[in-house]
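Report on the following structure.
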Number of protein chains: 2
Amino acid sequence: MTNHPVAPTAPTTFRPPRIPEVQVGGFWGRHIDAVADKTVSILYDRCLAAGMFDQIDPSRPVPEMRLPFHRRTDGSNDTVTAQMFWDSDVAKVIEAAAYALYRRPNPALEAKMDGIIDMLGALQQPDGYLNSWYIRMQPGKRWTNLRDCHELYCAGHLMEAAVAYHQATGKRKLLDVMIRYADHIDQVFGPKPSQKQGYCGHEEIELALVRLARETGEQRYMDLAKFFIDARGQQPHYFDLEAKARGDDPSRFAHGTFEYNQSHLPVRQQTKVVGHAVRAMYLYSGMADIAAEYGDDSLTDALEILWDDVTGKQMYVTGGIGPAARNEGFTDYYDLPNDTAYAETCAAVGLAFWASRMLGRQPDRRYADIMEQALYNGALSGLSADGSRFFYENPLESHGHHHRWDWHRCPCCPPNIARLVASIGTYMYGVADNAVAVHLYGESTARLEVAGTPITVTQNTQYPWDGAIRMTLNLSQPTRFTLSLRIPGWCTAPEISVGSERMATDTVGALGYLAIEREWRDGDSVDLVLPMSIAMLRAHPKVRQDIGRVAVARGPLIYCLEETDNGGHLNAIVLGSATEAVKTQPIPEFDGALSVSMAALRTETGGWNGHLYRADPPKSSPTEARFVPYHLWDNRNPGEMLVWVRAQA
Amino acid sequence: MTNHPVAPTAPTTFRPPRIPEVQVGGFWGRHIDAVADKTVSILYDRCLAAGMFDQIDPSRPVPEMRLPFHRRTDGSNDTVTAQMFWDSDVAKVIEAAAYALYRRPNPALEAKMDGIIDMLGALQQPDGYLNSWYIRMQPGKRWTNLRDCHELYCAGHLMEAAVAYHQATGKRKLLDVMIRYADHIDQVFGPKPSQKQGYCGHEEIELALVRLARETGEQRYMDLAKFFIDARGQQPHYFDLEAKARGDDPSRFAHGTFEYNQSHLPVRQQTKVVGHAVRAMYLYSGMADIAAEYGDDSLTDALEILWDDVTGKQMYVTGGIGPAARNEGFTDYYDLPNDTAYAETCAAVGLAFWASRMLGRQPDRRYADIMEQALYNGALSGLSADGSRFFYENPLESHGHHHRWDWHRCPCCPPNIARLVASIGTYMYGVADNAVAVHLYGESTARLEVAGTPITVTQNTQYPWDGAIRMTLNLSQPTRFTLSLRIPGWCTAPEISVGSERMATDTVGALGYLAIEREWRDGDSVDLVLPMSIAMLRAHPKVRQDIGRVAVARGPLIYCLEETDNGGHLNAIVLGSATEAVKTQPIPEFDGALSVSMAALRTETGGWNGHLYRADPPKSSPTEARFVPYHLWDNRNPGEMLVWVRAQA
């Protein structure tokens, strides 16, 4: 396996480790095992049942069109169907399977994936083009509707799958297929007059081309990613030109405004996070990659504004984003309804993608803290504890009617959370020429190369249930480099020792990392204690839905009340502000997990004699409120759930 | 003008006065003037602009079909269009205009109404049938889809218009037209094997036939109303038979369940208020009329259960009902979202209709209190103070995006609130053989007949701004009858004097009326003082959206905060529980209206440094909260609005 670095133009670029380089145990290890044991085979079976392979396999009859995806407001059917992006769903299944195969050999699963890859190879056109919808369902229409039809998006996901499968299995077939397709796309799209100056309505290929460039060492792919980013939102608007060219009225865009796909302005002029949440996250991820690879401050400047915009005014405390189903995306500032929250799993996954890439220029907990927040809460909630069921929407309040799906008509989330969980090790570290940054903590072993020396970083910890982390370094020779350790913003009293030397906490830098530059030797150890205290979080008072309420957090985990532990009418529970009497206890159903219990009041619901309104305030009685981690909700008895709980004073 | 009583089979039936019998001033008088001066001419103009008269007038070319109203879930268009119920909208305009003409002669307006009536007369078929949609747009299809197409509903509204126009102008033309149509319907529908055993998917004709029977003295119309009520929901289900008969699949009902139109069960077996809110209210109104006219305890028993169900578990504090847009109706018990409340104006109007008819058997403030609550709040909010603009939805919280309409695609609400306001006098009294009940207070003069004697009841009052009411009776001869005065449930310390005699408040009966049976003499007076104290209302704690919040009420009026008085972020305001320091002050923009101000705290929104979440509770600072009556909101500067305000403790 090769890993040719593309020559960076920036002085320091932190890149994620490759999948096989980090072996994860503990908390995430259990979830990865669930993905490897259950999720990937479920994903394959559901793709099969949906008929996806009938569409991809050129040896089978062309299937009928089905599953119309959205309709015009005048009632006519649009041409957009879920089938148009099936290639992407299949690609994400291959990617998740690749990570599972790396963790654990599974010849039967590998044979299924090889079978899909053979179909894709057979489907690929002589010129390299590869898209099952436009080859089989709508031949002759390729590259005519980038705005709506997910064509480059599908290519991007297949590129990611190819990189992952290559890294995990060493097999090059899909990688070679996608190199040919990337070369074709690189010919069709670009700044030359003979090329199309277009880009995809659903961003994804930008970050995928970066991954492909890193895996293959091919600078053209990196430059093509940069082209797609630079071209986006320029005038005359490509989507208008393209609509006219195919005989459509450009004003008949189902989503009204190009804010929907973040092409309303050139990307460097964008200051507000708008539109479809997943699209936005994928775009910013690609921008962050390009900013890091090219040392492009103009992109970084734009991204920092956008980052503050979404995390400061538009993000749920779970790291979920995109409150509205209408546009699967953003609405007004501070508009974060809890019970109707869309907060698509894919959007929290995308926020983790973006955050991780913002760490490409330097370690900065502004990004890593949010990455951790999204990973442990709004993203992981999308996958049941046993890996078999899925959330598409991730509300922060449920009245008992919201439950996990076996599958979804638009099946983007299940493979997305599966591939994220199974590749979590690559989010833990950032590796530069002379530096290693530790962004996330968790039981794991990473085999990295820094300053030309292979090193092994072993973390022994029960994180996030316990905040004690012992980190051991093994090196073949003493090597000088900087080890940067993230000190999470939620941690008020960290303790750090390097060997036997206790570090003063004022050595933590302004960006929230403790940078230890020294000559490291084999067997050196670092001990961190990040006390898992309970925080009663408040939302900005402009968030009307959360005002007067608190969210309980323990370390990186957001907690919630469930009916199965607390009875119904969860909004009748009122918390005090004292956290002294908080108890943590194991949750029997989930190995290692801890519940949090505290004294509270319960507003009594009796004694109203059939009246709905009265002047007497209702009485309250003492109760105990038991919280469980948000990501674990709806894994036991179904019922109500509540994150933001009423608080006294 | 004649008013032939239909022989009641019940010992006592309280009937509303006819429109010309009550002349209203004061609070309601101003609103009636707005309707007479502005609303009715706006209504006429908007009907004209919508093309309604092109459809009705047989001398014009048949117009094209337009305005598809809802679509099947498979994307195909249903045959239902707004045009199908245009007759009802025109009818309600005639009805509102009739009341306006009674208040104030307006020859130009009367000529327009006569013009419409001439069109209707010309349109009527030789057999009496009269429906512009089925005569002009879909000839040959009459009576084939009672479930969806509002055919009898339109007939009902035209009957109500005919009665009102006859009462107000003395002109019989529309009344005679509708008598012919009612006779036709009475031949087509009924229990005989040769007749259709059907009923309308949108109830309305039941209560209209009662009005027509009372106006004409024709018992057949009363019996037909009873037939429609008795037939509803019987098996085999008429809507299924009818669908099969026209070649449709009965299961392809757009709304899924017959709960939508309250035909899921025979009406006497219904115990839960479900489905489309306006339909439900109109059905129960008709049932209550029939219960009173026939002394039918089986209907009354069902209605009492339904009454408790809606007012005890499903009604906004404004008297608004039907929280969901999806079915324009009811959802789960205690599910009363404030910002997304549908709470259609027509539904609150319908609740007032039903409540007033529940008073047909005996005075009972259980009904009259709710009638008053709906009238002054959730119904009246549908009409701007000047009578020119309209709310369709009446939420209890707005973030600044909800404003009054000039018109609505489905224009049912504007004429509905107009006709209610302009006929408010008929809701104030109930008249039986030897009794007069006063249900509502307000500056007015009523000319009634009781125990064979014409009497005049004059109320002098600033109600609801002030609770002092002087009631003077004028009679041509001393007459013994019972005068029943409602003592509102919201009034904790009423004072009542008959002449100079102070009545003990324990003389108020169990049903909340003070019944004074005596020989009344000319010039007798009754003085009521109903102190307008401020109440801080709480909702039942199962209403999760209101828990920890209070609604401010003063007498029958629910108050709200508006941004124009209090600045933005109304949810930052927190009320104490003390009401001692409350100030009432005139609102300069609205003659006679009073605001309510009290000390409060405001959660400070500054100092978050770009963060969205933190552990520190936000600080508060003292402020004054200024409330205005809910029905007056969005009449001044647009902005946020809030009824349920956060409360300490």
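Residues in the structure tokens are named by chain (A, B, ... in the order shown) and by number from 1 within that chain; ligands are numbered from 1 in the order shown.
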
Could you list, as a PyMOL selection string, every residue within 8 Å of region 409-418 of chain A, counting only C-alpha atoms and ignoring same-chain residues fewer than 6 positions away? chain A and resi 35+39-40+43+82+89+92-93+96+344-346+349+379-380+382-383+390-392

Create the file for the chosen residues now, containing N, CA, C and O atoms and written as a short mmCIF file (atom, residue, chain, number, x, y, z; two decimals), in the first residue's frame.
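Wrote out28.cif, looks like this:
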data_model
loop_
_atom_site.label_atom_id
_atom_site.label_comp_id
_atom_site.auth_asym_id
_atom_site.auth_seq_id
_atom_site.Cartn_x
_atom_site.Cartn_y
_atom_site.Cartn_z
N VAL A 35 -20.91 -2.46 14.21
CA VAL A 35 -20.97 -2.19 12.78
C VAL A 35 -20.44 -3.39 11.99
O VAL A 35 -21.05 -3.84 11.01
N THR A 39 -24.12 -4.19 11.30
CA THR A 39 -24.60 -3.12 10.43
C THR A 39 -24.27 -3.37 8.96
O THR A 39 -25.14 -3.24 8.10
N VAL A 40 -23.03 -3.73 8.68
CA VAL A 40 -22.66 -3.82 7.26
C VAL A 40 -23.46 -4.88 6.53
O VAL A 40 -23.86 -4.69 5.37
N LEU A 43 -26.81 -3.43 5.94
CA LEU A 43 -26.76 -2.44 4.85
C LEU A 43 -26.78 -3.14 3.50
O LEU A 43 -27.52 -2.76 2.59
N ALA A 82 -34.99 8.81 -5.75
CA ALA A 82 -33.97 8.28 -4.84
C ALA A 82 -32.96 7.44 -5.60
O ALA A 82 -31.79 7.37 -5.22
N ASP A 89 -25.20 5.45 -2.06
CA ASP A 89 -25.54 4.59 -0.92
C ASP A 89 -24.72 3.30 -0.99
O ASP A 89 -24.18 2.84 0.02
N LYS A 92 -21.20 4.04 0.06
CA LYS A 92 -20.99 4.16 1.50
C LYS A 92 -21.03 2.79 2.18
O LYS A 92 -20.35 2.56 3.18
N VAL A 93 -21.80 1.87 1.59
CA VAL A 93 -21.81 0.51 2.13
C VAL A 93 -20.45 -0.14 1.89
O VAL A 93 -19.89 -0.79 2.79
N ALA A 96 -18.06 1.41 4.44
CA ALA A 96 -18.26 0.88 5.80
C ALA A 96 -17.77 -0.56 5.88
O ALA A 96 -17.12 -0.96 6.87
N GLU A 344 -30.61 15.78 10.97
CA GLU A 344 -30.34 14.53 10.29
C GLU A 344 -29.01 13.93 10.76
O GLU A 344 -28.02 14.64 10.94
N THR A 345 -29.00 12.63 10.93
CA THR A 345 -27.76 11.95 11.32
C THR A 345 -26.61 12.35 10.39
O THR A 345 -25.51 12.67 10.85
N CYS A 346 -26.87 12.37 9.09
CA CYS A 346 -25.82 12.71 8.12
C CYS A 346 -25.27 14.11 8.36
O CYS A 346 -24.11 14.38 8.03
N VAL A 349 -22.85 13.90 11.23
CA VAL A 349 -21.68 13.23 10.66
C VAL A 349 -20.87 14.23 9.85
O VAL A 349 -19.64 14.32 9.97
N ALA A 379 -24.41 12.44 16.20
CA ALA A 379 -24.08 11.48 15.14
C ALA A 379 -24.32 10.05 15.62
O ALA A 379 -25.09 9.31 15.02
N LEU A 380 -23.72 9.71 16.76
CA LEU A 380 -23.80 8.33 17.24
C LEU A 380 -25.24 7.92 17.56
O LEU A 380 -25.59 6.74 17.48
N GLY A 382 -27.58 8.15 15.77
CA GLY A 382 -28.16 7.61 14.54
C GLY A 382 -28.06 6.10 14.41
O GLY A 382 -28.65 5.51 13.51
N LEU A 383 -27.29 5.47 15.29
CA LEU A 383 -27.06 4.02 15.19
C LEU A 383 -27.44 3.39 16.52
O LEU A 383 -27.00 3.84 17.58
N PHE A 390 -31.70 2.47 13.03
CA PHE A 390 -31.17 3.78 12.65
C PHE A 390 -32.14 4.91 12.90
O PHE A 390 -33.35 4.75 12.74
N PHE A 391 -31.60 6.04 13.27
CA PHE A 391 -32.37 7.29 13.26
C PHE A 391 -31.96 8.10 12.03
O PHE A 391 -30.77 8.22 11.73
N TYR A 392 -32.95 8.67 11.38
CA TYR A 392 -32.68 9.65 10.32
C TYR A 392 -32.73 11.03 10.97
O TYR A 392 -31.78 11.79 10.90
#

Select, as number ranges by chain, those residues of chain A with any atom no more than 7 Å from chain B (distances computed using only C-alpha atoms). A: 75, 312-313, 535-542, 544, 569, 571-572, 603, 605, 610-617

Selection near region 368-370 of chain B, 8 Å with only C-alpha atoms, sequence-local residues under 2 positions removed, as an NGL selection string: :B and (319 or 352 or 355-356 or 359 or 363-366 or 372-374 or 439-440 or 486 or 488-489)

Selection to disk with C-alpha atoms, as an mmCIF file, in the first residue's frame:
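Dumped to out.cif:
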data_model
loop_
_atom_site.group_PDB
_atom_site.id
_atom_site.type_symbol
_atom_site.label_atom_id
_atom_site.label_comp_id
_atom_site.auth_asym_id
_atom_site.auth_seq_id
_atom_site.Cartn_x
_atom_site.Cartn_y
_atom_site.Cartn_z
ATOM 1 C CA GLY B 319 -60.819 29.171 22.863
ATOM 2 C CA ALA B 352 -68.976 29.639 19.904
ATOM 3 C CA ALA B 355 -71.549 26.606 23.011
ATOM 4 C CA SER B 356 -74.454 28.907 22.237
ATOM 5 C CA LEU B 359 -77.534 26.777 26.088
ATOM 6 C CA PRO B 363 -78.586 28.297 31.138
ATOM 7 C CA ASP B 364 -75.250 26.766 32.179
ATOM 8 C CA ARG B 365 -72.067 28.781 32.421
ATOM 9 C CA ARG B 366 -70.050 25.694 31.615
ATOM 10 C CA GLU B 372 -67.320 34.099 25.821
ATOM 11 C CA GLN B 373 -63.703 32.877 25.939
ATOM 12 C CA ALA B 374 -63.781 31.868 22.273
ATOM 13 C CA HIS B 439 -75.421 34.840 28.590
ATOM 14 C CA LEU B 440 -73.201 37.747 27.600
ATOM 15 C CA ARG B 486 -74.706 34.436 34.102
ATOM 16 C CA PRO B 488 -68.847 34.143 34.895
ATOM 17 C CA GLY B 489 -66.608 31.464 36.342
#

Please, what distance in Å, to one decimal, runs between CA of Ala36 (chain B) and CA of Ala100 (chain B)? 4.6 Å

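If you look at CA of Ala280 (chain B) and CA of Glu206 (chain B), they are 12.1 Å away from each other.
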
With a distance cut-off of 12 Å and only C-alpha atoms, select the neighbouring residues of Val529 (chain A), excluding the residue or stretch itself and same-chain residues fewer than 4 positions from it, and output the selection as a PyMOL selection string. chain A and resi 441+460-464+466-471+485-488+491-498+502-503+505+533+555

Export N, CA, C and O atoms of the chosen residues as a short mmCIF file (atom, residue, chain, number, x, y, z; two decimals), in the first residue's frame?
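This went into again26.cif:
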data_model
loop_
_atom_site.label_atom_id
_atom_site.label_comp_id
_atom_site.auth_asym_id
_atom_site.auth_seq_id
_atom_site.Cartn_x
_atom_site.Cartn_y
_atom_site.Cartn_z
N TYR A 441 -9.71 11.18 22.71
CA TYR A 441 -9.17 10.17 23.60
C TYR A 441 -10.04 8.93 23.56
O TYR A 441 -11.27 9.01 23.38
N ASN A 460 -4.54 3.97 27.03
CA ASN A 460 -5.31 3.07 27.90
C ASN A 460 -6.23 3.92 28.75
O ASN A 460 -5.79 4.77 29.52
N THR A 461 -7.53 3.67 28.57
CA THR A 461 -8.53 4.54 29.21
C THR A 461 -9.91 3.94 29.13
O THR A 461 -10.19 3.12 28.24
N GLN A 462 -10.77 4.33 30.05
CA GLN A 462 -12.19 3.99 29.99
C GLN A 462 -12.98 5.17 29.43
O GLN A 462 -14.20 5.20 29.56
N TYR A 463 -12.27 6.13 28.86
CA TYR A 463 -12.93 7.31 28.30
C TYR A 463 -14.07 6.89 27.39
O TYR A 463 -13.88 5.98 26.62
N PRO A 464 -15.19 7.54 27.38
CA PRO A 464 -15.57 8.75 28.11
C PRO A 464 -16.22 8.48 29.47
O PRO A 464 -16.66 9.44 30.10
N ASP A 466 -14.71 7.37 32.10
CA ASP A 466 -13.75 7.85 33.09
C ASP A 466 -12.73 8.70 32.35
O ASP A 466 -12.39 8.43 31.20
N GLY A 467 -12.23 9.74 33.03
CA GLY A 467 -11.34 10.69 32.35
C GLY A 467 -9.86 10.43 32.52
O GLY A 467 -9.04 11.25 32.11
N ALA A 468 -9.48 9.31 33.13
CA ALA A 468 -8.05 8.99 33.27
C ALA A 468 -7.55 8.33 31.99
O ALA A 468 -8.13 7.34 31.52
N ILE A 469 -6.47 8.89 31.43
CA ILE A 469 -5.92 8.36 30.18
C ILE A 469 -4.41 8.17 30.37
O ILE A 469 -3.71 9.13 30.72
N ARG A 470 -3.94 6.99 30.16
CA ARG A 470 -2.48 6.80 30.12
C ARG A 470 -2.08 6.61 28.66
O ARG A 470 -2.60 5.72 27.96
N MET A 471 -1.16 7.46 28.25
CA MET A 471 -0.70 7.42 26.87
C MET A 471 0.75 6.96 26.87
O MET A 471 1.58 7.55 27.58
N LEU A 485 -1.65 17.76 22.93
CA LEU A 485 -2.77 17.06 23.58
C LEU A 485 -3.93 18.02 23.78
O LEU A 485 -3.78 19.08 24.38
N ARG A 486 -5.08 17.63 23.27
CA ARG A 486 -6.26 18.49 23.45
C ARG A 486 -6.73 18.43 24.90
O ARG A 486 -6.90 17.34 25.47
N ILE A 487 -6.93 19.60 25.47
CA ILE A 487 -7.56 19.71 26.78
C ILE A 487 -8.97 20.22 26.52
O ILE A 487 -9.16 21.39 26.17
N PRO A 488 -9.97 19.36 26.66
CA PRO A 488 -11.32 19.76 26.22
C PRO A 488 -11.82 21.00 26.95
O PRO A 488 -11.54 21.18 28.14
N CYS A 491 -13.64 20.61 30.26
CA CYS A 491 -12.90 20.12 31.42
C CYS A 491 -12.33 21.31 32.19
O CYS A 491 -11.49 22.05 31.68
N THR A 492 -12.78 21.46 33.41
CA THR A 492 -12.37 22.65 34.18
C THR A 492 -11.12 22.39 35.01
O THR A 492 -10.47 23.34 35.42
N ALA A 493 -10.76 21.16 35.27
CA ALA A 493 -9.61 20.90 36.16
C ALA A 493 -8.77 19.74 35.63
O ALA A 493 -8.66 18.68 36.26
N PRO A 494 -8.15 19.92 34.48
CA PRO A 494 -7.35 18.82 33.93
C PRO A 494 -6.05 18.64 34.72
O PRO A 494 -5.51 19.60 35.27
N GLU A 495 -5.58 17.43 34.77
CA GLU A 495 -4.26 17.15 35.35
C GLU A 495 -3.44 16.42 34.29
O GLU A 495 -3.92 15.45 33.70
N ILE A 496 -2.20 16.88 34.09
CA ILE A 496 -1.36 16.30 33.03
C ILE A 496 0.02 16.03 33.62
O ILE A 496 0.62 16.92 34.24
N SER A 497 0.50 14.82 33.42
CA SER A 497 1.87 14.50 33.82
C SER A 497 2.58 13.87 32.64
O SER A 497 2.02 13.00 31.96
N VAL A 498 3.82 14.32 32.41
CA VAL A 498 4.65 13.68 31.40
C VAL A 498 5.70 12.89 32.17
O VAL A 498 6.52 13.47 32.89
N ARG A 502 4.62 16.65 36.66
CA ARG A 502 3.29 17.24 36.59
C ARG A 502 3.37 18.56 35.82
O ARG A 502 4.20 19.41 36.11
N MET A 503 2.53 18.73 34.83
CA MET A 503 2.55 19.94 34.02
C MET A 503 1.59 20.96 34.62
O MET A 503 0.49 20.61 35.04
N THR A 505 -1.17 23.68 34.43
CA THR A 505 -2.22 23.79 33.42
C THR A 505 -2.11 25.09 32.63
O THR A 505 -2.68 25.21 31.55
N SER A 533 -16.85 15.78 35.35
CA SER A 533 -17.83 16.43 36.21
C SER A 533 -19.13 16.63 35.44
O SER A 533 -19.17 16.57 34.21
N GLY A 555 -18.75 15.17 30.88
CA GLY A 555 -17.67 15.12 29.90
C GLY A 555 -18.23 15.45 28.53
O GLY A 555 -19.00 16.41 28.39
#

Surrounding residues of Gln124 (chain B) excluding itself and chain neighbours under 5 positions, 10 Å, only C-alpha atoms, as a PDB file with N, CA, C and O atoms, in the first residue's frame:
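Below is the file part.pdb, written as the result:
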ATOM      1  N   PRO B  58     -75.516  32.296 -14.304  1.00  0.00           N
ATOM      2  CA  PRO B  58     -75.733  31.447 -15.482  1.00  0.00           C
ATOM      3  C   PRO B  58     -75.725  32.211 -16.790  1.00  0.00           C
ATOM      4  O   PRO B  58     -75.687  31.594 -17.859  1.00  0.00           O
ATOM      5  N   ASP B 118     -80.265  37.394  -7.340  1.00  0.00           N
ATOM      6  CA  ASP B 118     -80.871  37.197  -8.659  1.00  0.00           C
ATOM      7  C   ASP B 118     -80.131  36.121  -9.455  1.00  0.00           C
ATOM      8  O   ASP B 118     -80.738  35.292 -10.133  1.00  0.00           O
ATOM      9  N   MET B 119     -78.790  36.150  -9.362  1.00  0.00           N
ATOM     10  CA  MET B 119     -78.011  35.100 -10.051  1.00  0.00           C
ATOM     11  C   MET B 119     -78.394  33.724  -9.518  1.00  0.00           C
ATOM     12  O   MET B 119     -78.570  32.767 -10.283  1.00  0.00           O
ATOM     13  N   TYR B 129     -82.938  22.282  -7.284  1.00  0.00           N
ATOM     14  CA  TYR B 129     -81.510  22.090  -7.018  1.00  0.00           C
ATOM     15  C   TYR B 129     -80.734  23.376  -7.303  1.00  0.00           C
ATOM     16  O   TYR B 129     -81.022  24.098  -8.250  1.00  0.00           O
ATOM     17  N   LEU B 130     -79.733  23.630  -6.437  1.00  0.00           N
ATOM     18  CA  LEU B 130     -78.988  24.876  -6.585  1.00  0.00           C
ATOM     19  C   LEU B 130     -77.565  24.718  -6.052  1.00  0.00           C
ATOM     20  O   LEU B 130     -77.344  24.718  -4.838  1.00  0.00           O
ATOM     21  N   ASN B 131     -76.636  24.520  -6.982  1.00  0.00           N
ATOM     22  CA  ASN B 131     -75.230  24.439  -6.596  1.00  0.00           C
ATOM     23  C   ASN B 131     -74.421  24.811  -7.824  1.00  0.00           C
ATOM     24  O   ASN B 131     -74.483  24.124  -8.846  1.00  0.00           O
ATOM     25  N   SER B 132     -73.682  25.895  -7.744  1.00  0.00           N
ATOM     26  CA  SER B 132     -73.039  26.417  -8.963  1.00  0.00           C
ATOM     27  C   SER B 132     -72.003  25.449  -9.516  1.00  0.00           C
ATOM     28  O   SER B 132     -71.806  25.365 -10.724  1.00  0.00           O
ATOM     29  N   ILE B 135     -73.974  22.489 -11.212  1.00  0.00           N
ATOM     30  CA  ILE B 135     -74.797  22.918 -12.350  1.00  0.00           C
ATOM     31  C   ILE B 135     -73.910  23.370 -13.499  1.00  0.00           C
ATOM     32  O   ILE B 135     -74.135  23.019 -14.651  1.00  0.00           O
ATOM     33  N   VAL B 177     -86.173  30.858  -2.595  1.00  0.00           N
ATOM     34  CA  VAL B 177     -85.262  29.995  -3.363  1.00  0.00           C
ATOM     35  C   VAL B 177     -84.800  28.830  -2.494  1.00  0.00           C
ATOM     36  O   VAL B 177     -84.818  27.661  -2.897  1.00  0.00           O
ATOM     37  N   MET B 178     -84.398  29.158  -1.253  1.00  0.00           N
ATOM     38  CA  MET B 178     -83.834  28.114  -0.400  1.00  0.00           C
ATOM     39  C   MET B 178     -84.909  27.189   0.163  1.00  0.00           C
ATOM     40  O   MET B 178     -84.628  26.026   0.455  1.00  0.00           O
ATOM     41  N   ARG B 180     -87.385  26.219  -1.705  1.00  0.00           N
ATOM     42  CA  ARG B 180     -87.530  25.267  -2.830  1.00  0.00           C
ATOM     43  C   ARG B 180     -86.381  24.245  -2.810  1.00  0.00           C
ATOM     44  O   ARG B 180     -86.585  23.057  -3.035  1.00  0.00           O
ATOM     45  N   TYR B 181     -85.142  24.765  -2.546  1.00  0.00           N
ATOM     46  CA  TYR B 181     -83.989  23.847  -2.528  1.00  0.00           C
ATOM     47  C   TYR B 181     -84.113  22.879  -1.346  1.00  0.00           C
ATOM     48  O   TYR B 181     -83.862  21.669  -1.477  1.00  0.00           O
TER      49      TYR B 181
END

For region 446-458 of chain A, find every residue with an atom within 9 Å (counting only C-alpha atoms), except residues of its own chain fewer than 6 positions away, and show them as a ChimeraX atom specification. /A:17,20-24,425,429,431-436,470-481,522

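Counting only C-alpha atoms and comparing B:Ala347, B:Ile94, B:Val526, B:Val596, the residue that lies closest to Thr169 (chain B) is B:Ile94.
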
Where does DSSP see alpha helix (DSSP H) in region 374-505 of chain A, if you list the residues as JSON, numbers by chain? {"A": [413, 414, 415, 416, 417, 418, 419, 420, 421, 422, 425, 426, 427, 428]}

Pick from A:Ser423, A:Thr257, A:Gln55, A:Ser381: nearest to Pro16 (chain A), with only C-alpha atoms counted?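 When distances to Pro16 (chain A) are compared using only C-alpha atoms, the smallest one comes from A:Ser423.
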